[in-house]
$ cat run.txt   # compact mmCIF, C-alpha atoms and all ligand atoms
# COMPACT_ATOMS: atom_id res chain seq x y z
CA MET B 21 13.10 -25.19 3.10
CA ALA B 22 16.13 -23.82 1.26
CA ILE B 23 15.41 -21.79 -1.83
CA GLU B 24 17.66 -20.01 -4.26
CA ALA B 25 17.93 -16.25 -4.00
CA GLY B 26 18.39 -14.16 -7.17
CA ASP B 27 22.18 -14.29 -6.95
CA GLY B 28 22.32 -18.07 -6.61
CA ALA B 29 22.80 -17.98 -2.82
CA LEU B 30 20.53 -20.14 -0.72
CA MET B 31 18.10 -18.67 1.77
CA ASP B 32 15.77 -20.34 4.21
CA SER B 33 12.14 -19.71 3.23
CA SER B 34 10.93 -20.81 6.67
CA ARG B 35 12.33 -17.45 7.80
CA VAL B 36 9.46 -15.73 6.02
CA THR B 37 6.60 -15.72 8.48
CA GLY B 38 4.04 -13.61 6.68
CA VAL B 39 4.75 -10.07 5.59
CA LEU B 40 2.37 -7.36 4.44
CA ILE B 41 3.77 -4.76 2.05
CA SER B 42 1.60 -1.90 0.80
CA PHE B 43 2.15 0.17 -2.32
CA GLU B 44 0.99 3.75 -2.08
CA GLY B 45 0.97 6.86 -4.20
CA LEU B 46 -1.22 8.99 -6.39
CA ASP B 47 -2.81 7.72 -9.55
CA GLY B 48 -0.13 7.69 -12.27
CA SER B 49 2.73 7.09 -9.83
CA GLY B 50 3.34 3.67 -11.38
CA LYS B 51 2.91 1.73 -8.11
CA SER B 52 0.74 -1.01 -9.67
CA THR B 53 3.39 -1.85 -12.28
CA GLN B 54 6.05 -1.96 -9.57
CA LEU B 55 3.90 -4.30 -7.49
CA GLU B 56 3.55 -6.72 -10.42
CA LEU B 57 7.30 -6.67 -11.14
CA LEU B 58 8.14 -7.35 -7.51
CA ALA B 59 5.55 -10.13 -7.25
CA GLU B 60 7.05 -11.84 -10.28
CA GLU B 61 10.58 -11.66 -8.96
CA LEU B 62 9.64 -12.85 -5.47
CA ARG B 63 7.71 -15.78 -6.95
CA GLY B 64 10.79 -16.54 -9.02
CA VAL B 65 12.81 -17.13 -5.84
CA GLY B 66 10.14 -19.46 -4.49
CA LEU B 67 8.18 -17.20 -2.17
CA ASP B 68 4.44 -17.60 -1.72
CA VAL B 69 3.20 -14.22 -2.94
CA VAL B 70 -0.39 -12.95 -2.82
CA THR B 71 -1.26 -9.75 -4.68
CA THR B 72 -4.36 -7.72 -4.08
CA ARG B 73 -5.76 -4.24 -4.46
CA GLU B 74 -7.92 -1.73 -2.66
CA PRO B 75 -10.72 -1.04 -2.79
CA GLY B 76 -11.57 -4.55 -3.94
CA GLY B 77 -9.81 -7.89 -3.87
CA THR B 78 -12.91 -9.74 -2.66
CA ARG B 79 -16.42 -10.15 -4.06
CA VAL B 80 -17.84 -7.83 -1.43
CA GLY B 81 -14.95 -5.39 -1.85
CA GLU B 82 -15.32 -5.25 -5.63
CA ALA B 83 -19.02 -4.44 -5.20
CA VAL B 84 -18.13 -1.65 -2.77
CA ARG B 85 -15.47 -0.47 -5.23
CA ALA B 86 -18.09 -0.03 -7.94
CA VAL B 87 -20.15 2.17 -5.59
CA LEU B 88 -17.10 4.19 -4.53
CA LEU B 89 -15.64 4.88 -7.94
CA SER B 90 -18.78 5.43 -10.00
CA PRO B 91 -18.62 9.00 -11.39
CA ALA B 92 -22.43 9.04 -11.03
CA HIS B 93 -22.20 9.13 -7.21
CA THR B 94 -21.37 12.82 -6.96
CA GLU B 95 -23.50 13.22 -3.82
CA MET B 96 -21.45 10.79 -1.70
CA ALA B 97 -20.75 12.30 1.72
CA PRO B 98 -17.10 12.23 2.88
CA ARG B 99 -17.96 10.15 5.97
CA ALA B 100 -19.90 7.65 3.86
CA GLU B 101 -16.90 7.44 1.54
CA ALA B 102 -14.52 6.82 4.45
CA LEU B 103 -16.76 4.08 5.87
CA LEU B 104 -17.08 2.35 2.50
CA TYR B 105 -13.30 2.24 2.00
CA ALA B 106 -12.96 0.90 5.53
CA ALA B 107 -15.66 -1.71 4.86
CA ALA B 108 -13.90 -2.98 1.73
CA ARG B 109 -10.64 -3.14 3.70
CA ALA B 110 -12.22 -5.03 6.61
CA GLN B 111 -13.48 -7.67 4.17
CA LEU B 112 -10.10 -7.93 2.45
CA VAL B 113 -8.21 -8.34 5.72
CA GLU B 114 -10.57 -11.00 7.01
CA GLU B 115 -10.96 -12.96 3.79
CA VAL B 116 -7.58 -12.63 2.08
CA VAL B 117 -4.81 -10.92 4.02
CA ARG B 118 -4.90 -12.59 7.43
CA PRO B 119 -5.26 -16.14 6.04
CA ALA B 120 -2.34 -15.50 3.65
CA LEU B 121 -0.14 -14.09 6.42
CA ALA B 122 -1.04 -17.01 8.66
CA ARG B 123 0.37 -19.47 6.14
CA GLY B 124 3.54 -17.39 5.76
CA ALA B 125 2.84 -15.63 2.47
CA VAL B 126 4.16 -12.28 1.35
CA VAL B 127 1.11 -10.10 0.67
CA LEU B 128 1.56 -7.18 -1.72
CA THR B 129 -1.37 -4.80 -1.68
CA ASP B 130 -2.00 -2.02 -4.17
CA ARG B 131 -3.14 0.61 -1.62
CA TYR B 132 -4.06 0.03 2.02
CA LEU B 133 -4.92 2.16 5.03
CA ASP B 134 -2.51 4.99 4.19
CA SER B 135 -4.70 5.70 1.16
CA SER B 136 -7.60 6.38 3.52
CA ILE B 137 -5.42 8.58 5.69
CA ALA B 138 -4.15 10.55 2.67
CA TYR B 139 -7.38 10.73 0.63
CA GLN B 140 -10.09 10.86 3.30
CA GLY B 141 -8.09 12.18 6.25
CA PHE B 142 -6.28 14.92 4.31
CA GLY B 143 -7.94 15.11 0.86
CA ARG B 144 -11.46 15.21 2.32
CA GLU B 145 -10.19 16.87 5.50
CA LEU B 146 -11.86 14.36 7.80
CA GLY B 147 -8.81 14.40 10.05
CA LEU B 148 -5.96 12.04 10.68
CA ASP B 149 -7.05 10.73 14.08
CA ASP B 150 -10.54 9.65 13.09
CA ILE B 151 -9.32 7.89 9.96
CA ILE B 152 -6.56 6.07 11.83
CA THR B 153 -9.08 5.02 14.49
CA LEU B 154 -11.45 3.78 11.79
CA SER B 155 -8.67 1.92 9.96
CA VAL B 156 -7.38 0.30 13.13
CA TRP B 157 -10.89 -0.90 13.92
CA ALA B 158 -11.58 -2.10 10.35
CA THR B 159 -8.35 -4.10 10.14
CA ASP B 160 -8.28 -5.16 13.79
CA CYS B 161 -5.00 -3.32 13.86
CA LEU B 162 -3.14 -4.82 10.97
CA PHE B 163 -0.53 -2.37 9.74
CA PRO B 164 1.88 -3.16 6.90
CA GLU B 165 5.47 -3.99 7.82
CA LEU B 166 6.64 -1.99 4.86
CA THR B 167 4.93 0.76 2.87
CA LEU B 168 6.45 1.83 -0.42
CA TYR B 169 5.29 5.32 -1.26
CA TYR B 170 5.86 6.24 -4.91
CA HIS B 171 6.39 9.92 -5.35
CA VAL B 172 6.52 11.65 -8.70
CA SER B 173 6.07 15.20 -9.96
CA GLU B 174 2.64 16.44 -10.97
CA GLU B 175 3.75 16.82 -14.65
CA GLU B 176 5.06 13.28 -14.94
CA ARG B 177 2.03 11.86 -13.17
CA SER B 178 -0.56 13.55 -15.35
CA GLY B 179 1.42 12.56 -18.46
CA ARG B 180 1.03 8.90 -17.43
CA ASN B 181 -2.72 9.07 -16.80
CA ASN B 182 -5.12 8.13 -19.52
CA GLY B 183 -8.67 6.89 -19.86
CA ALA B 184 -11.85 8.18 -18.27
CA ALA B 185 -11.52 9.62 -14.77
CA ASP B 186 -13.32 7.79 -11.95
CA ARG B 187 -15.03 9.73 -9.12
CA LEU B 188 -11.79 10.30 -7.20
CA GLU B 189 -9.65 11.06 -10.24
CA ALA B 190 -12.08 13.84 -11.16
CA GLU B 191 -11.08 15.76 -7.99
CA SER B 192 -9.31 19.12 -8.06
CA GLY B 193 -5.59 19.88 -7.97
CA GLU B 194 -5.94 21.20 -4.39
CA PHE B 195 -7.45 17.89 -3.34
CA PHE B 196 -4.43 16.00 -4.67
CA SER B 197 -1.98 18.37 -3.10
CA ARG B 198 -3.68 17.73 0.27
CA VAL B 199 -3.40 13.98 -0.44
CA GLU B 200 0.34 14.40 -1.05
CA THR B 201 0.64 16.31 2.21
CA GLY B 202 -1.11 13.41 3.91
CA TYR B 203 1.33 10.89 2.52
CA ALA B 204 4.29 13.07 3.47
CA HIS B 205 2.89 13.37 6.99
CA MET B 206 2.54 9.59 7.31
CA ALA B 207 6.00 8.98 5.85
CA ASP B 208 7.30 11.11 8.68
CA LEU B 209 5.03 9.82 11.44
CA HIS B 210 5.51 6.14 10.56
CA SER B 211 9.04 6.42 9.25
CA HIS B 212 9.84 2.94 10.63
CA ARG B 213 7.67 1.35 7.92
CA PHE B 214 7.55 4.00 5.15
CA ARG B 215 10.04 4.13 2.30
CA VAL B 216 9.64 6.98 -0.15
CA ILE B 217 10.54 5.83 -3.65
CA ASP B 218 11.44 8.32 -6.36
CA ALA B 219 9.00 7.22 -9.06
CA SER B 220 10.39 9.41 -11.83
CA GLY B 221 12.04 7.96 -14.91
CA PRO B 222 11.66 4.67 -16.76
CA VAL B 223 9.92 1.66 -15.18
CA GLY B 224 13.16 -0.35 -14.99
CA GLU B 225 14.94 2.38 -13.10
CA VAL B 226 12.09 2.75 -10.62
CA TYR B 227 12.07 -1.01 -10.18
CA ARG B 228 15.73 -0.98 -9.20
CA ARG B 229 14.76 1.40 -6.40
CA THR B 230 11.81 -0.79 -5.38
CA ARG B 231 13.99 -3.88 -5.33
CA ALA B 232 16.69 -2.15 -3.30
CA ALA B 233 14.19 -0.88 -0.70
CA VAL B 234 12.57 -4.30 -0.27
CA ASN B 235 15.88 -6.06 -0.18
CA GLU B 236 17.28 -3.75 2.40
CA GLU B 237 14.38 -4.63 4.69
CA PHE B 238 14.05 -8.35 4.07
CA GLY B 239 17.06 -9.53 2.04
CA TRP B 240 14.97 -11.84 -0.11
CA LEU B 241 16.79 -10.98 -3.33
CA GLY B 242 20.06 -9.68 -2.08
CA THR B 243 23.75 -10.12 -2.23
CA GLY B 244 26.55 -9.10 0.09
CA ALA B 245 25.65 -6.78 2.91
CA ALA B 246 22.00 -6.64 1.88
CA ALA B 247 21.50 -10.40 2.07
CA GLY B 248 19.43 -11.27 5.10
CA GLY B 249 17.96 -7.80 5.35
CA THR B 250 17.21 -6.05 8.60
CA ARG B 251 13.84 -7.70 9.24
CA SER B 252 12.47 -11.19 9.13
CA GLY B 253 8.72 -10.67 8.85
CA GLY B 254 6.19 -11.62 11.47
CA PRO B 255 3.54 -9.77 13.42
CA VAL B 256 3.24 -6.04 13.04
CA VAL B 257 4.68 -3.91 15.84
CA PRO B 258 1.90 -3.72 18.46
CA ALA B 259 2.92 -0.17 19.41
CA GLU B 260 1.29 0.99 16.17
CA CYS B 261 -2.04 -0.08 17.59
CA ASP B 262 -1.72 2.46 20.33
CA LEU B 263 -4.04 5.19 19.14
CA GLU B 264 -2.22 7.86 21.10
CA GLY B 265 0.44 10.01 19.54
CA HIS B 266 -0.50 10.00 15.88
CA GLY B 267 -0.74 13.77 15.85
CA THR B 268 -3.40 15.83 14.18
CA VAL B 269 -3.90 17.30 10.73
P1 LIG H 301 -7.88 2.79 -8.55
O1 LIG H 301 -8.43 2.71 -9.92
O2 LIG H 301 -7.55 1.50 -7.86
O3 LIG H 301 -6.72 3.84 -8.52
P2 LIG H 301 -5.16 3.72 -8.58
O4 LIG H 301 -4.83 3.11 -9.90
O5 LIG H 301 -4.78 5.16 -8.43
O6 LIG H 301 -4.74 2.89 -7.40
O7 LIG H 301 -8.93 3.62 -7.68
C1 LIG H 301 -8.83 3.74 -6.34
C2 LIG H 301 -9.14 5.18 -5.98
O8 LIG H 301 -9.64 5.22 -4.64
C3 LIG H 301 -7.93 6.08 -6.02
O9 LIG H 301 -8.29 7.32 -6.59
C4 LIG H 301 -7.59 6.29 -4.57
C5 LIG H 301 -8.90 6.12 -3.86
N1 LIG H 301 -8.81 5.59 -2.50
C6 LIG H 301 -9.23 6.38 -1.43
O10 LIG H 301 -9.64 7.54 -1.63
N2 LIG H 301 -9.20 5.87 -0.18
C7 LIG H 301 -8.78 4.60 0.09
O11 LIG H 301 -8.77 4.16 1.26
C8 LIG H 301 -8.36 3.79 -1.02
C9 LIG H 301 -7.91 2.39 -0.79
C10 LIG H 301 -8.39 4.33 -2.29

$ encode --input "run.txt" --output "structure tokens" --more "lines below"
Ligand code: TYD
Amino acid sequence: MAIEAGDGALMDSSRVTGVLISFEGLDGSGKSTQLELLAEELRGVGLDVVTTREPGGTRVGEAVRAVLLSPAHTEMAPRAEALLYAAARAQLVEEVVRPALARGAVVLTDRYLDSSIAYQGFGRELGLDDIITLSVWATDCLFPELTLYYHVSEEERSGRNNGAADRLEAESGEFFSRVETGYAHMADLHSHRFRVIDASGPVGEVYRRTRAAVNEEFGWLGTGAAAGGTRSGGPVVPAECDLEGHGTV
């Protein structure tokens, strides 16, 4: 099927064979707003777009989310926390993500397995290897094709946060700096799928960066040299399922 790209050029939507894009970053990085803006624009050019979030996105996942984020659960053990995030993700992959990818949709997820690597692997210091192993098992090895990591300074981030803190948001500054280290580590280790987006400045400016990064990869919205992108979607690189060589914390 031919559909119109943003610049009026025609593209072939049959080229899109199911793509998973994850949005990552600390609370206050603005990733959720960026996800919504991208979803709207991609729908506008005729793509089948599914948006979801973690933890949650399913009935089971939302129930697990309530357990995970309740500020009352101060006694939760780090390993229990890691398993609950993985459980919510397993349900999401099975119930929402894989069926959507199978019909050729673009799935945009607000957080995915890199959150577990950053928050549980580094923040809770459970270790990179165990959390990758757990995530690979929970998702039956479904990695995103593209991960947009929104990075913003501590000052700007805390200025954007409001409302009551959930259990994770109540963590210390050292915890969040370990989480940032975790993301930086993954951006390096999986540089083939990670794009670090400067999330400072107004929403519109950040969106231009989001749009450019996505377009460079897939060419869904592009003009000129960017049209067509460098990738066409499809199954995730099987090499990522090889548990060797991820390094250690
Ligand atoms: P949420 O309100 O969705 O936060 P945000 O708006 O920052 O995305 O809460 C999710 C919280 O759970 C957030 O603090 C990050 C944390 N988290 C983990 O620690 N591990 C994970 O695997 C995931 C998916 C989230």

$ closest_residue --input "run.txt" --among "B:Pro75, B:Pro119, B:Gly124, B:Gly45" --to "Thr167 in chain B" --atoms "all atoms listed in the file"
B:Gly45

$ axis_aligned_box --input "run.txt" --around "ligand LIG 301 (chain H)" --padding-each-side "6 Å" --output "AutoDock Vina command-line options"
--center_x -7.2 --center_y 4.5 --center_z -4.3 --size_x 16.9 --size_y 18.0 --size_z 23.2

$ residues_near_ligand --input "run.txt" --ligand "ligand LIG 301 (chain H)" --cutoff "10 Å" --atoms "only C-alpha atoms and all ligand atoms" --output "number ranges by chain"
B: 43-53, 73-76, 85-86, 88-89, 98, 101-109, 129-141, 143-144, 151, 155, 181, 185-191, 196, 199

$ residues_around --input "run.txt" --residues "Ser197 in chain B" --least-positions-apart "2" --cutoff "10 Å" --atoms "only C-alpha atoms" --output "ChimeraX atom specification"
/B:46,138,142-143,174,192-195,199-203

$ residues_around --input "run.txt" --residues "Val223 in chain B" --least-positions-apart "2" --cutoff "8 Å" --atoms "all atoms listed in the file" --output "ChimeraX atom specification"
/B:50,53-54,221,225-227

$ residues_near_point --input "run.txt" --point "(5.8, -15.6, 1.0)" --cutoff "10 Å" --atoms "all atoms listed in the file" --output "PDB file with C-alpha atoms, keeping the file's coordinate frame"
ATOM      1  CA  SER B  33      12.140 -19.710   3.230  1.00  0.00           C
ATOM      2  CA  SER B  34      10.930 -20.810   6.670  1.00  0.00           C
ATOM      3  CA  ARG B  35      12.330 -17.450   7.800  1.00  0.00           C
ATOM      4  CA  VAL B  36       9.460 -15.730   6.020  1.00  0.00           C
ATOM      5  CA  THR B  37       6.600 -15.720   8.480  1.00  0.00           C
ATOM      6  CA  GLY B  38       4.040 -13.610   6.680  1.00  0.00           C
ATOM      7  CA  VAL B  39       4.750 -10.070   5.590  1.00  0.00           C
ATOM      8  CA  LEU B  40       2.370  -7.360   4.440  1.00  0.00           C
ATOM      9  CA  ALA B  59       5.550 -10.130  -7.250  1.00  0.00           C
ATOM     10  CA  LEU B  62       9.640 -12.850  -5.470  1.00  0.00           C
ATOM     11  CA  ARG B  63       7.710 -15.780  -6.950  1.00  0.00           C
ATOM     12  CA  VAL B  65      12.810 -17.130  -5.840  1.00  0.00           C
ATOM     13  CA  GLY B  66      10.140 -19.460  -4.490  1.00  0.00           C
ATOM     14  CA  LEU B  67       8.180 -17.200  -2.170  1.00  0.00           C
ATOM     15  CA  ASP B  68       4.440 -17.600  -1.720  1.00  0.00           C
ATOM     16  CA  VAL B  69       3.200 -14.220  -2.940  1.00  0.00           C
ATOM     17  CA  VAL B  70      -0.390 -12.950  -2.820  1.00  0.00           C
ATOM     18  CA  ALA B 120      -2.340 -15.500   3.650  1.00  0.00           C
ATOM     19  CA  LEU B 121      -0.140 -14.090   6.420  1.00  0.00           C
ATOM     20  CA  ARG B 123       0.370 -19.470   6.140  1.00  0.00           C
ATOM     21  CA  GLY B 124       3.540 -17.390   5.760  1.00  0.00           C
ATOM     22  CA  ALA B 125       2.840 -15.630   2.470  1.00  0.00           C
ATOM     23  CA  VAL B 126       4.160 -12.280   1.350  1.00  0.00           C
ATOM     24  CA  VAL B 127       1.110 -10.100   0.670  1.00  0.00           C
ATOM     25  CA  LEU B 128       1.560  -7.180  -1.720  1.00  0.00           C
ATOM     26  CA  TRP B 240      14.970 -11.840  -0.110  1.00  0.00           C
ATOM     27  CA  GLY B 253       8.720 -10.670   8.850  1.00  0.00           C
TER      28      GLY B 253
END

$ atom_distance --input "run.txt" --atom1 "CA of Ile217 in chain B" --atom2 "CA of Tyr170 in chain B"
4.9 Å

$ residues_around --input "run.txt" --residues "Arg215 in chain B" --least-positions-apart "6" --cutoff "10 Å" --atoms "all atoms listed in the file" --output "mmCIF file with C-alpha atoms, in the coordinates of the input"
data_model
loop_
_atom_site.group_PDB
_atom_site.id
_atom_site.type_symbol
_atom_site.label_atom_id
_atom_site.label_comp_id
_atom_site.auth_asym_id
_atom_site.auth_seq_id
_atom_site.Cartn_x
_atom_site.Cartn_y
_atom_site.Cartn_z
ATOM 1 C CA PHE B 43 2.150 0.170 -2.320
ATOM 2 C CA LEU B 166 6.640 -1.990 4.860
ATOM 3 C CA THR B 167 4.930 0.760 2.870
ATOM 4 C CA LEU B 168 6.450 1.830 -0.420
ATOM 5 C CA TYR B 169 5.290 5.320 -1.260
ATOM 6 C CA TYR B 170 5.860 6.240 -4.910
ATOM 7 C CA ALA B 207 6.000 8.980 5.850
ATOM 8 C CA ASP B 208 7.300 11.110 8.680
ATOM 9 C CA THR B 230 11.810 -0.790 -5.380
ATOM 10 C CA ALA B 233 14.190 -0.880 -0.700
ATOM 11 C CA VAL B 234 12.570 -4.300 -0.270
#

$ atom_distance --input "run.txt" --atom1 "CA of Glu165 in chain B" --atom2 "CA of Ser42 in chain B"
8.3 Å
